[in-house]
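S.K.: Let me give you the structure first, and then I'll get to my questions.
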Protein chains: 4
Amino acid sequence: MEVGFLGLGIMGKAMATNLLRHGFKVTVWNRTLSKCEELVQYGASVGETPATVVKKCKYTIAMLSDPSAALSIVFDKDGVLDHINGKGYIDMSTVDADTSSKISEAIKAKGGYFLEAPVSGSKKPAEDGQLVILAAGDKALYDEALPAFDILGKKSFFLGEVGNGAKMKLVVNMIMGSMMNAFSEGLTLAERSGLNPATLLDVLDLGAISNGMFKLKGPTMLQNSYSPAFPLKHQQKDMRLALALGDENAVSMPIAAAANEAFKKARSLGLGDLDFSAVHETYKAPDHSS
Amino acid sequence: MEVGFLGLGIMGKAMATNLLRHGFKVTVWNRTLSKCEELVQYGASVGETPATVVKKCKYTIAMLSDPSAALSIVFDKDGVLDHINGKGYIDMSTVDADTSSKISEAIKAKGGYFLEAPVSGSKKPAEDGQLVILAAGDKALYDEALPAFDILGKKSFFLGEVGNGAKMKLVVNMIMGSMMNAFSEGLTLAERSGLNPATLLDVLDLGAISNGMFKLKGPTMLQNSYSPAFPLKHQQKDMRLALALGDENAVSMPIAAAANEAFKKARSLGLGDLDFSAVHETYKAPDHSS
Amino acid sequence: MEVGFLGLGIMGKAMATNLLRHGFKVTVWNRTLSKCEELVQYGASVGETPATVVKKCKYTIAMLSDPSAALSIVFDKDGVLDHINGKGYIDMSTVDADTSSKISEAIKAKGGYFLEAPVSGSKKPAEDGQLVILAAGDKALYDEALPAFDILGKKSFFLGEVGNGAKMKLVVNMIMGSMMNAFSEGLTLAERSGLNPATLLDVLDLGAISNGMFKLKGPTMLQNSYSPAFPLKHQQKDMRLALALGDENAVSMPIAAAANEAFKKARSLGLGDLDFSAVHETYKAPDHSS
Amino acid sequence: MEVGFLGLGIMGKAMATNLLRHGFKVTVWNRTLSKCEELVQYGASVGETPATVVKKCKYTIAMLSDPSAALSIVFDKDGVLDHINGKGYIDMSTVDADTSSKISEAIKAKGGYFLEAPVSGSKKPAEDGQLVILAAGDKALYDEALPAFDILGKKSFFLGEVGNGAKMKLVVNMIMGSMMNAFSEGLTLAERSGLNPATLLDVLDLGAISNGMFKLKGPTMLQNSYSPAFPLKHQQKDMRLALALGDENAVSMPIAAAANEAFKKARSLGLGDLDFSAVHETYKAPDHSS
């Protein structure tokens, strides 16, 4: 199976390497061509432009860092559109719904097939082939790409029309953001009520609501350490977008709304670039209560 | 080791049986004495009154159904107080802080030692010795009872002064209640945005916030099935008490407050006796949005 | 018309004086008897104990400073209960519902008639006969006391059973507390968006939501001046009690709940003894937002 | 003073009439020219196109029904831009900040002067010259237009740069929307607690938070009558935009956020086209509480 792969950043390189290791023939391209060399060692071919990669392969996967990179690779000179007629294009970058729609429409207008397929998971899951893939768009292309998805991820979903991949991520991140606030309130209440918050972590871990996020973030939160894995300002942006999605569909979500305001409070305290768990700081208070 | 055991309901019977199986000598008492017979088969002795059990044993464990039972076994004629001087009393019933304090003071005034030790977990964990024990009060008594706790539970905590066991349960239940609301909002947003909420469950289960409650309750919530494991009105009561604890200590908890109002809304819709996951109903709406 | 009047503090003295000026015969009593002298100048008689006042008059009005004073004047030796049989007792003090019920039951058990009649308004309205009277209890006694109420207040209401006076005050104060938060949010949003918040006050004052509280508190809030007219901790207590009343009746009130959490936040910042408008401080933030 | 006036709907006709009555020479234009005739009776001249009106007058006021009308009158053939060089243009329509900016930039690019001047107040205040005018943009033009503003409104404000007029309206409407929710909660709590909500209206009207909105809307809300003066969906849109303005400036506003969710709930119940006071319906509940 010959597939194209555009974008060899941290994520893309790990993913393309996995495909090569599992017997796929892969033609790669990267803006900085030198990054392609390591992949050549594993048997990759190199394309000179996105257009030549697309021309050569039945379908092409892209993994770019942001919406502007995702757009330029498609719309720029020698871009994906040039040879997309009759071919498939799978964008696995995390982009907003508008960007995804713009790309989708352009691809389809040129006679190509499009699938958005944002992933949940970062470097380690990418290396281990343990991503979760949230695909939406052309179902036949999804079916065709399943052997690749099976290598890249532990699970892939086909979610229907383009945009649904991004929406699903928003819903998950909204729940996560509300949970982080509930967790912060609990830690603060424990501490201020004379309980040891570290013991609360142990008790939580033994019960029905035990989860990876509490286990991972709890100990660092108690040390007021918020090294950014997922920056607070991005979490707040996702809360805002999820609330906007609810607004469109007349869904009242008071918990998410309250959590969003707490994240905004955290931004106003200058914590936007720290990890989203830094919202914990907004629940604390000086000692002099009255 | 000779220990007393008062109260052979579903929980108490399972717990006393476990102690007997692991070599403890146990003297049991139950209001309905016939319930003691099965335990006798496993080697238990039977005491005629709480007072006689306490007199005979170094310490006595109680597992009653509610605060009034917990109080009467201590304060009634032939109750625990009669022979508590120099002995230990461990109340593992789930009672409010006031009840626990009242019992604690009476026991101590008579020269006894007291430990509150409410548990997390119900019938199955009780049978399997997998309870989580939240103990508080007399530390020496806790240390003495540890061999028994190691049989009854997978983990026990000593939390300091009497009342802290109840507080810890409130904090955990508060986080749980907020999470249930965040989860309900997510399910509703998914459905109203054209996503399959059953797929959301699958996606959640693969990520960092995957937890037992989502896994257990999600599928039944999607079927609008709310058979009461933990009644909504009890969950709302715990939210209220947790918020009151926050009020005492000047802790602002906007997420818990919003969740509490949602549970109150659910009560106003007549859902108080259903499972607490029925709060999901308050997020739904008729189809005719504008 | 011969009426009794117990309690000659700031409020009581102004009220009793008004009754005398309008032709009522008034027999007064005060714990510190010297305070009665000024009233004697206006024609008052003096009773030696609450009991003698009650015995002499068809009905007796009380205006005490707090619940414990309100209770002791009734239940202590030579108190109201001694001669209440067949007489009326009108408590205009601001007390909680429990205190009011306790007094009501004792009065009725002795064959007396009871009316609670807390007022809205402080020193100036008391002097000017411009109080608002929220009466509840015995309707016949209310009708009998109307001529006095017409002198003491600009308006009196009969609200039904004992307890309803206190409840009505809670509802009003709850709305007021939520409005104060909405107002603070608006002032903060104006300032942070580059608008002059003083201009906002002018604009508000010209529109449909113009009200005395915004006019009175707005200018001082902009000066960060919170001299306590109504202490924040009392406002927060009223929010809490109003929310508890809602809890009893399964009324979901998310705005009041959010406002209550903001007042709690203010308490945690040590602002509990300042005016309730100090909740404004919780909405501000350092300049370094991100 | 010769001024132009574009748009003779309900508002515009009343405003132009007022200018004529107070001695202004006014040249009017309306898309349906027949509407100009009545104004001619009061001494108005008629222009054939927006362009001819602008050419003839020192400055021209526009009062259009919506953003698209406001845009087309400026940008269409024979529109305002044609002769704006050196002239003033005052748009008193209620439009969003983007529309206002677009018009402002085009006018200035052509050498004209621009003022946005949205008003608070509807038909009756327009007829009575009692509008409140929230102007922003060119200060010299504002000073020049003050004599006209003094006729049209009871008060006008100059708020700085273009966009500030719209922002000021959002802040006011946000406070109003939160107050409406606080009011609805109070009415509901009164009713469910056994108090007469009509009496609550009377009590509120005698206190410090008495305001025109409570007086106007309270009685109809108690009759479940929500004839749309200000449609709920527009109020919710303003809440959303105010929250977005807060998001831009990192202002946390939990009360507005909770109120916004209640308005969304109302939309989900199909109440979006009713008056914004219909949010009251979301606080009610069936009788069967538990």
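Every chain in the structure tokens takes a letter, A first, then B, and so on in the order presented; its residues are numbered from 1, and the ligands are numbered from 1 following the presented order.
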Which residues come within 8 Å of stretch 44-58 of chain A, counting only C-alpha atoms, excluding same-chain residues fewer than 3 positions away, as a ChimeraX atom specification?
M.R.: /A:2-6,20,25-29,36,39-41,73-74,78-84,87-88
S.K.: Contacts from chain B to chain A, 7 Å maximum, only C-alpha atoms: show me the residue list as number ranges by chain.
M.R.: B: 164, 171-172, 175-176, 178-179, 181-183, 185-186, 189-190, 192-193, 195, 204, 208-213, 246, 249-256, 258-259, 283, 289
S.K.: Please measure the separation of atom CA of C:Lys35 and atom CA of C:Ala136, giving the value in Å to one decimal.
M.R.: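 Calculated distance between atom CA of C:Lys35 and atom CA of C:Ala136 is 29.2 Å.
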S.K.: To one decimal in Å, tell me the separation between atom CA of B:Leu33 and atom CA of B:Met63.
M.R.: 15.2 Å
S.K.: Counting only C-alpha atoms, which of C:Thr94, C:Thr17, C:Thr99, C:Ser277 gets nearest to C:Ser72?
M.R.: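 Closest to C:Ser72 of all the choices is C:Thr99.
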S.K.: Suppose you want the space between atom CA of B:Thr32 and atom CA of B:Asn18; what is it in Å?
M.R.: 20.5 Å
S.K.: Give me every strand (DSSP E) residue in stretch 22-227 of chain C, going by DSSP on the backbone, as a count of residues only.
M.R.: 34
S.K.: May I have all residues of stretch 66-256 of chain C that DSSP, computed from the backbone, assigns to helix (DSSP H, G or I), given as a PDB file with C-alpha atoms, in the first residue's frame?
M.R.:
ATOM      1  CA  PRO C  67     -33.105  37.183  68.912  1.00  0.00           C
ATOM      2  CA  SER C  68     -31.750  36.633  72.407  1.00  0.00           C
ATOM      3  CA  ALA C  69     -33.256  39.924  73.628  1.00  0.00           C
ATOM      4  CA  ALA C  70     -36.500  39.048  71.887  1.00  0.00           C
ATOM      5  CA  LEU C  71     -36.580  35.687  73.650  1.00  0.00           C
ATOM      6  CA  SER C  72     -35.637  36.838  77.133  1.00  0.00           C
ATOM      7  CA  ILE C  73     -38.269  39.588  77.258  1.00  0.00           C
ATOM      8  CA  VAL C  74     -40.890  36.937  76.664  1.00  0.00           C
ATOM      9  CA  PHE C  75     -39.606  33.985  78.645  1.00  0.00           C
ATOM     10  CA  VAL C  80     -44.501  38.943  78.511  1.00  0.00           C
ATOM     11  CA  LEU C  81     -45.917  35.468  79.122  1.00  0.00           C
ATOM     12  CA  ASP C  82     -47.055  36.280  82.669  1.00  0.00           C
ATOM     13  CA  HIS C  83     -50.087  38.311  81.632  1.00  0.00           C
ATOM     14  CA  ALA C  97     -38.011  32.071  61.753  1.00  0.00           C
ATOM     15  CA  ASP C  98     -37.172  29.672  64.597  1.00  0.00           C
ATOM     16  CA  THR C  99     -37.128  32.409  67.221  1.00  0.00           C
ATOM     17  CA  SER C 100     -40.357  33.788  65.892  1.00  0.00           C
ATOM     18  CA  SER C 101     -42.041  30.382  66.003  1.00  0.00           C
ATOM     19  CA  LYS C 102     -40.846  29.716  69.532  1.00  0.00           C
ATOM     20  CA  ILE C 103     -42.317  33.001  70.752  1.00  0.00           C
ATOM     21  CA  SER C 104     -45.508  32.487  68.790  1.00  0.00           C
ATOM     22  CA  GLU C 105     -46.147  29.074  70.269  1.00  0.00           C
ATOM     23  CA  ALA C 106     -45.493  30.168  73.830  1.00  0.00           C
ATOM     24  CA  ILE C 107     -47.807  33.181  73.489  1.00  0.00           C
ATOM     25  CA  LYS C 108     -50.599  31.135  71.999  1.00  0.00           C
ATOM     26  CA  ALA C 109     -50.213  28.372  74.581  1.00  0.00           C
ATOM     27  CA  LYS C 123     -33.270  54.958  61.693  1.00  0.00           C
ATOM     28  CA  LYS C 124     -34.425  57.667  59.277  1.00  0.00           C
ATOM     29  CA  PRO C 125     -37.531  55.861  58.006  1.00  0.00           C
ATOM     30  CA  ALA C 126     -38.362  54.946  61.627  1.00  0.00           C
ATOM     31  CA  GLU C 127     -38.243  58.616  62.613  1.00  0.00           C
ATOM     32  CA  ASP C 128     -40.248  59.642  59.569  1.00  0.00           C
ATOM     33  CA  LYS C 139     -55.111  38.546  61.453  1.00  0.00           C
ATOM     34  CA  ALA C 140     -57.475  40.076  64.005  1.00  0.00           C
ATOM     35  CA  LEU C 141     -54.533  41.495  65.920  1.00  0.00           C
ATOM     36  CA  TYR C 142     -53.153  42.868  62.659  1.00  0.00           C
ATOM     37  CA  ASP C 143     -56.423  44.642  61.974  1.00  0.00           C
ATOM     38  CA  GLU C 144     -56.455  46.015  65.485  1.00  0.00           C
ATOM     39  CA  ALA C 145     -52.887  47.294  65.133  1.00  0.00           C
ATOM     40  CA  LEU C 146     -53.389  48.882  61.723  1.00  0.00           C
ATOM     41  CA  PRO C 147     -53.900  52.399  63.119  1.00  0.00           C
ATOM     42  CA  ALA C 148     -50.505  52.102  64.802  1.00  0.00           C
ATOM     43  CA  PHE C 149     -48.869  50.611  61.707  1.00  0.00           C
ATOM     44  CA  ASP C 150     -50.253  53.475  59.646  1.00  0.00           C
ATOM     45  CA  ILE C 151     -48.305  55.851  61.858  1.00  0.00           C
ATOM     46  CA  LEU C 152     -45.110  53.794  62.006  1.00  0.00           C
ATOM     47  CA  ASN C 164     -43.816  34.611  56.336  1.00  0.00           C
ATOM     48  CA  GLY C 165     -42.494  37.990  57.426  1.00  0.00           C
ATOM     49  CA  ALA C 166     -38.987  36.616  57.760  1.00  0.00           C
ATOM     50  CA  LYS C 167     -39.313  34.726  54.494  1.00  0.00           C
ATOM     51  CA  MET C 168     -40.389  37.836  52.604  1.00  0.00           C
ATOM     52  CA  LYS C 169     -37.322  39.687  53.860  1.00  0.00           C
ATOM     53  CA  LEU C 170     -35.102  36.817  52.701  1.00  0.00           C
ATOM     54  CA  VAL C 171     -36.561  36.849  49.194  1.00  0.00           C
ATOM     55  CA  VAL C 172     -36.049  40.599  48.888  1.00  0.00           C
ATOM     56  CA  ASN C 173     -32.496  40.393  50.193  1.00  0.00           C
ATOM     57  CA  MET C 174     -31.694  37.510  47.870  1.00  0.00           C
ATOM     58  CA  ILE C 175     -32.751  39.538  44.829  1.00  0.00           C
ATOM     59  CA  MET C 176     -30.748  42.458  46.180  1.00  0.00           C
ATOM     60  CA  GLY C 177     -27.624  40.311  46.629  1.00  0.00           C
ATOM     61  CA  SER C 178     -27.829  38.933  43.101  1.00  0.00           C
ATOM     62  CA  MET C 179     -28.347  42.444  41.726  1.00  0.00           C
ATOM     63  CA  MET C 180     -25.299  43.695  43.578  1.00  0.00           C
ATOM     64  CA  ASN C 181     -23.218  41.014  41.883  1.00  0.00           C
ATOM     65  CA  ALA C 182     -24.664  41.743  38.447  1.00  0.00           C
ATOM     66  CA  PHE C 183     -23.867  45.402  39.053  1.00  0.00           C
ATOM     67  CA  SER C 184     -20.288  44.631  40.097  1.00  0.00           C
ATOM     68  CA  GLU C 185     -19.775  42.507  37.006  1.00  0.00           C
ATOM     69  CA  GLY C 186     -21.028  45.364  34.835  1.00  0.00           C
ATOM     70  CA  LEU C 187     -18.759  47.912  36.485  1.00  0.00           C
ATOM     71  CA  THR C 188     -15.787  45.611  36.073  1.00  0.00           C
ATOM     72  CA  LEU C 189     -16.579  44.750  32.469  1.00  0.00           C
ATOM     73  CA  ALA C 190     -16.968  48.447  31.624  1.00  0.00           C
ATOM     74  CA  GLU C 191     -13.629  49.328  33.150  1.00  0.00           C
ATOM     75  CA  ARG C 192     -11.720  46.444  31.596  1.00  0.00           C
ATOM     76  CA  PRO C 197     -17.490  53.061  34.746  1.00  0.00           C
ATOM     77  CA  ALA C 198     -18.663  56.427  36.079  1.00  0.00           C
ATOM     78  CA  THR C 199     -20.348  56.988  32.724  1.00  0.00           C
ATOM     79  CA  LEU C 200     -21.965  53.584  33.060  1.00  0.00           C
ATOM     80  CA  LEU C 201     -23.535  54.800  36.300  1.00  0.00           C
ATOM     81  CA  ASP C 202     -24.958  57.797  34.457  1.00  0.00           C
ATOM     82  CA  VAL C 203     -26.301  55.659  31.636  1.00  0.00           C
ATOM     83  CA  LEU C 204     -27.847  53.155  34.037  1.00  0.00           C
ATOM     84  CA  ASP C 205     -29.501  55.955  35.925  1.00  0.00           C
ATOM     85  CA  GLY C 212     -31.761  53.481  44.524  1.00  0.00           C
ATOM     86  CA  MET C 213     -29.121  50.883  45.337  1.00  0.00           C
ATOM     87  CA  PHE C 214     -27.117  51.487  42.148  1.00  0.00           C
ATOM     88  CA  LYS C 215     -27.358  55.233  42.759  1.00  0.00           C
ATOM     89  CA  LEU C 216     -26.294  54.984  46.372  1.00  0.00           C
ATOM     90  CA  LYS C 217     -23.580  52.343  46.121  1.00  0.00           C
ATOM     91  CA  GLY C 218     -22.168  52.924  42.613  1.00  0.00           C
ATOM     92  CA  PRO C 219     -20.084  56.027  43.362  1.00  0.00           C
ATOM     93  CA  THR C 220     -18.578  54.603  46.548  1.00  0.00           C
ATOM     94  CA  MET C 221     -17.823  51.279  44.873  1.00  0.00           C
ATOM     95  CA  LEU C 222     -15.841  53.096  42.205  1.00  0.00           C
ATOM     96  CA  LEU C 232     -21.287  41.509  53.658  1.00  0.00           C
ATOM     97  CA  LYS C 233     -21.325  38.573  56.055  1.00  0.00           C
ATOM     98  CA  HIS C 234     -24.955  39.306  56.880  1.00  0.00           C
ATOM     99  CA  GLN C 235     -25.869  39.570  53.211  1.00  0.00           C
ATOM    100  CA  GLN C 236     -24.146  36.248  52.610  1.00  0.00           C
ATOM    101  CA  LYS C 237     -26.028  34.712  55.534  1.00  0.00           C
ATOM    102  CA  ASP C 238     -29.294  35.874  53.980  1.00  0.00           C
ATOM    103  CA  MET C 239     -28.301  34.397  50.613  1.00  0.00           C
ATOM    104  CA  ARG C 240     -27.532  31.123  52.367  1.00  0.00           C
ATOM    105  CA  LEU C 241     -30.868  31.135  54.187  1.00  0.00           C
ATOM    106  CA  ALA C 242     -32.749  32.022  51.006  1.00  0.00           C
ATOM    107  CA  LEU C 243     -31.015  29.161  49.197  1.00  0.00           C
ATOM    108  CA  ALA C 244     -31.935  26.855  52.084  1.00  0.00           C
ATOM    109  CA  LEU C 245     -35.557  27.994  51.749  1.00  0.00           C
ATOM    110  CA  GLY C 246     -35.304  27.145  48.060  1.00  0.00           C
ATOM    111  CA  ASP C 247     -33.825  23.766  48.952  1.00  0.00           C
ATOM    112  CA  GLU C 248     -36.784  22.976  51.209  1.00  0.00           C
ATOM    113  CA  PRO C 254     -28.569  29.244  39.858  1.00  0.00           C
ATOM    114  CA  ILE C 255     -28.119  33.031  39.895  1.00  0.00           C
ATOM    115  CA  ALA C 256     -28.518  33.282  43.662  1.00  0.00           C
TER     116      ALA C 256
END
